[in-house]
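Here is the structure we will look at.
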Amino acid sequence: MGDDMLDDIRARRLAQLQNEYKGPGGSATDKAAAEEERRATANEMKNSMLSQVLTQGARARLNTLMIGKPEKGKLVENLILQMAQTGQIMNRLSEEELIGLLEKVNQQFGSKQKTTVKFDRRRAALDSDDEL
């Protein structure tokens, strides 16, 4: 066997191993780029639908909610999208209607998250009897 023949066999084996590593869908970077493009397209479609369903004031309020409470914002956003897809929203939602929707969501899910703060004076050593 000559050096040329050996180099040719090595090159074919290297190409075969690289193809096996890439898998059926291409390289990992191609898959990541395709996934990122799919996410961007889905996000664009979601934003387009929200801008069709909400007025500017309602959209601004929803964005403010997303900044302050992201979990609740996503919940309300998904609820609005679901209502739009099922035909429950006929006209654009105004800010007041969005506030009403937020109040309904708070009534349903707000009772689960009651926050209480207890202050134990003995641990804090703020008792006035110790000053004698």
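How things are named: the first chain in the structure tokens is A, the next is B, and so on; residues count from 1 in each chain; ligands count from 1 in the order shown.
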Original post:
When DSSP works through the backbone of this structure, what residues of chain A end up as alpha helix (DSSP H), shown as JSON, numbers by chain?
Top reply: {"A": [3, 4, 5, 6, 7, 8, 9, 10, 11, 12, 13, 14, 15, 16, 17, 18, 19, 20, 21, 22, 28, 29, 30, 31, 32, 33, 34, 35, 36, 37, 38, 39, 40, 41, 42, 43, 44, 45, 46, 47, 48, 49, 50, 51, 52, 53, 56, 57, 58, 59, 60, 61, 62, 63, 64, 65, 66, 67, 68, 70, 71, 72, 73, 74, 75, 76, 77, 78, 79, 80, 81, 82, 83, 84, 85, 86, 95, 96, 97, 98, 99, 100, 101, 102, 103, 104, 105, 106, 107, 108, 109, 121, 122, 123, 124]}
Exercise: stretch 94-98 of chain A partners within 8 Å, only C-alpha atoms, chain neighbours under 2 positions left out, as an mmCIF file with all heavy atoms, in the first residue's frame:
data_model
loop_
_atom_site.group_PDB
_atom_site.id
_atom_site.type_symbol
_atom_site.label_atom_id
_atom_site.label_comp_id
_atom_site.auth_asym_id
_atom_site.auth_seq_id
_atom_site.Cartn_x
_atom_site.Cartn_y
_atom_site.Cartn_z
ATOM 1 N N LEU A 54 -55.050 43.249 21.334
ATOM 2 C CA LEU A 54 -54.980 44.243 22.405
ATOM 3 C C LEU A 54 -54.789 45.650 21.851
ATOM 4 O O LEU A 54 -54.116 45.834 20.839
ATOM 5 C CB LEU A 54 -53.815 43.921 23.346
ATOM 6 C CG LEU A 54 -53.836 42.580 24.059
ATOM 7 C CD1 LEU A 54 -52.539 42.366 24.814
ATOM 8 C CD2 LEU A 54 -55.006 42.474 25.000
ATOM 9 N N THR A 55 -55.368 46.620 22.562
ATOM 10 C CA THR A 55 -55.091 48.014 22.224
ATOM 11 C C THR A 55 -53.699 48.368 22.744
ATOM 12 O O THR A 55 -53.082 47.593 23.465
ATOM 13 C CB THR A 55 -56.134 48.954 22.859
ATOM 14 O OG1 THR A 55 -56.063 48.821 24.286
ATOM 15 C CG2 THR A 55 -57.539 48.647 22.370
ATOM 16 N N GLY A 57 -52.794 50.595 24.970
ATOM 17 C CA GLY A 57 -52.760 50.704 26.433
ATOM 18 C C GLY A 57 -52.750 49.344 27.103
ATOM 19 O O GLY A 57 -52.034 49.126 28.086
ATOM 20 N N ALA A 58 -53.552 48.424 26.585
ATOM 21 C CA ALA A 58 -53.601 47.078 27.152
ATOM 22 C C ALA A 58 -52.275 46.360 26.919
ATOM 23 O O ALA A 58 -51.786 45.636 27.792
ATOM 24 C CB ALA A 58 -54.754 46.292 26.545
ATOM 25 N N ARG A 59 -51.696 46.566 25.750
ATOM 26 C CA ARG A 59 -50.409 45.936 25.440
ATOM 27 C C ARG A 59 -49.325 46.472 26.374
ATOM 28 O O ARG A 59 -48.485 45.716 26.864
ATOM 29 C CB ARG A 59 -50.047 46.222 23.980
ATOM 30 C CG ARG A 59 -48.806 45.563 23.511
ATOM 31 C CD ARG A 59 -49.049 44.123 23.166
ATOM 32 N NE ARG A 59 -47.839 43.580 22.569
ATOM 33 C CZ ARG A 59 -47.301 42.446 22.921
ATOM 34 N NH1 ARG A 59 -47.888 41.697 23.816
ATOM 35 N NH2 ARG A 59 -46.207 42.024 22.366
ATOM 36 N N ARG A 61 -49.799 47.661 29.413
ATOM 37 C CA ARG A 61 -50.057 47.118 30.747
ATOM 38 C C ARG A 61 -49.573 45.668 30.842
ATOM 39 O O ARG A 61 -49.002 45.259 31.848
ATOM 40 C CB ARG A 61 -51.525 47.209 31.113
ATOM 41 C CG ARG A 61 -51.797 46.730 32.540
ATOM 42 C CD ARG A 61 -53.163 47.097 33.024
ATOM 43 N NE ARG A 61 -53.362 48.499 33.212
ATOM 44 C CZ ARG A 61 -53.164 49.152 34.372
ATOM 45 N NH1 ARG A 61 -52.708 48.515 35.414
ATOM 46 N NH2 ARG A 61 -53.422 50.429 34.463
ATOM 47 N N ARG A 92 -61.023 44.248 19.933
ATOM 48 C CA ARG A 92 -59.760 44.441 20.629
ATOM 49 C C ARG A 92 -60.023 44.720 22.100
ATOM 50 O O ARG A 92 -60.930 45.478 22.454
ATOM 51 C CB ARG A 92 -58.989 45.596 20.013
ATOM 52 C CG ARG A 92 -58.559 45.292 18.587
ATOM 53 C CD ARG A 92 -57.856 46.441 17.973
ATOM 54 N NE ARG A 92 -56.482 46.473 18.501
ATOM 55 C CZ ARG A 92 -55.558 47.290 18.063
ATOM 56 N NH1 ARG A 92 -55.835 48.163 17.125
ATOM 57 N NH2 ARG A 92 -54.347 47.257 18.558
ATOM 58 N N GLY A 100 -59.910 43.949 34.123
ATOM 59 C CA GLY A 100 -60.943 43.026 34.592
ATOM 60 C C GLY A 100 -60.502 41.576 34.474
ATOM 61 O O GLY A 100 -60.748 40.760 35.371
ATOM 62 N N LEU A 101 -59.835 41.253 33.381
ATOM 63 C CA LEU A 101 -59.317 39.899 33.191
ATOM 64 C C LEU A 101 -58.246 39.585 34.239
ATOM 65 O O LEU A 101 -58.211 38.480 34.800
ATOM 66 C CB LEU A 101 -58.743 39.758 31.785
ATOM 67 C CG LEU A 101 -58.262 38.383 31.369
ATOM 68 C CD1 LEU A 101 -59.419 37.393 31.323
ATOM 69 C CD2 LEU A 101 -57.607 38.459 30.004
ATOM 70 N N LEU A 102 -57.397 40.562 34.527
ATOM 71 C CA LEU A 102 -56.368 40.378 35.553
ATOM 72 C C LEU A 102 -56.992 40.161 36.928
ATOM 73 O O LEU A 102 -56.502 39.340 37.718
ATOM 74 C CB LEU A 102 -55.431 41.580 35.594
ATOM 75 C CG LEU A 102 -54.446 41.712 34.445
ATOM 76 C CD1 LEU A 102 -53.750 43.061 34.501
ATOM 77 C CD2 LEU A 102 -53.442 40.598 34.491
#
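Checking A:Lys46, A:Met5, A:Tyr21, A:Ala40 one by one against A:Lys74, counting only C-alpha atoms, you find the shortest gap at A:Lys46.
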**OP:** Do a neighbour search on A:Phe109 at 12 Å with only C-alpha atoms, toss out local chain neighbours closer than 4 positions, and write the hits as a count of residues only.
**Re:** 10
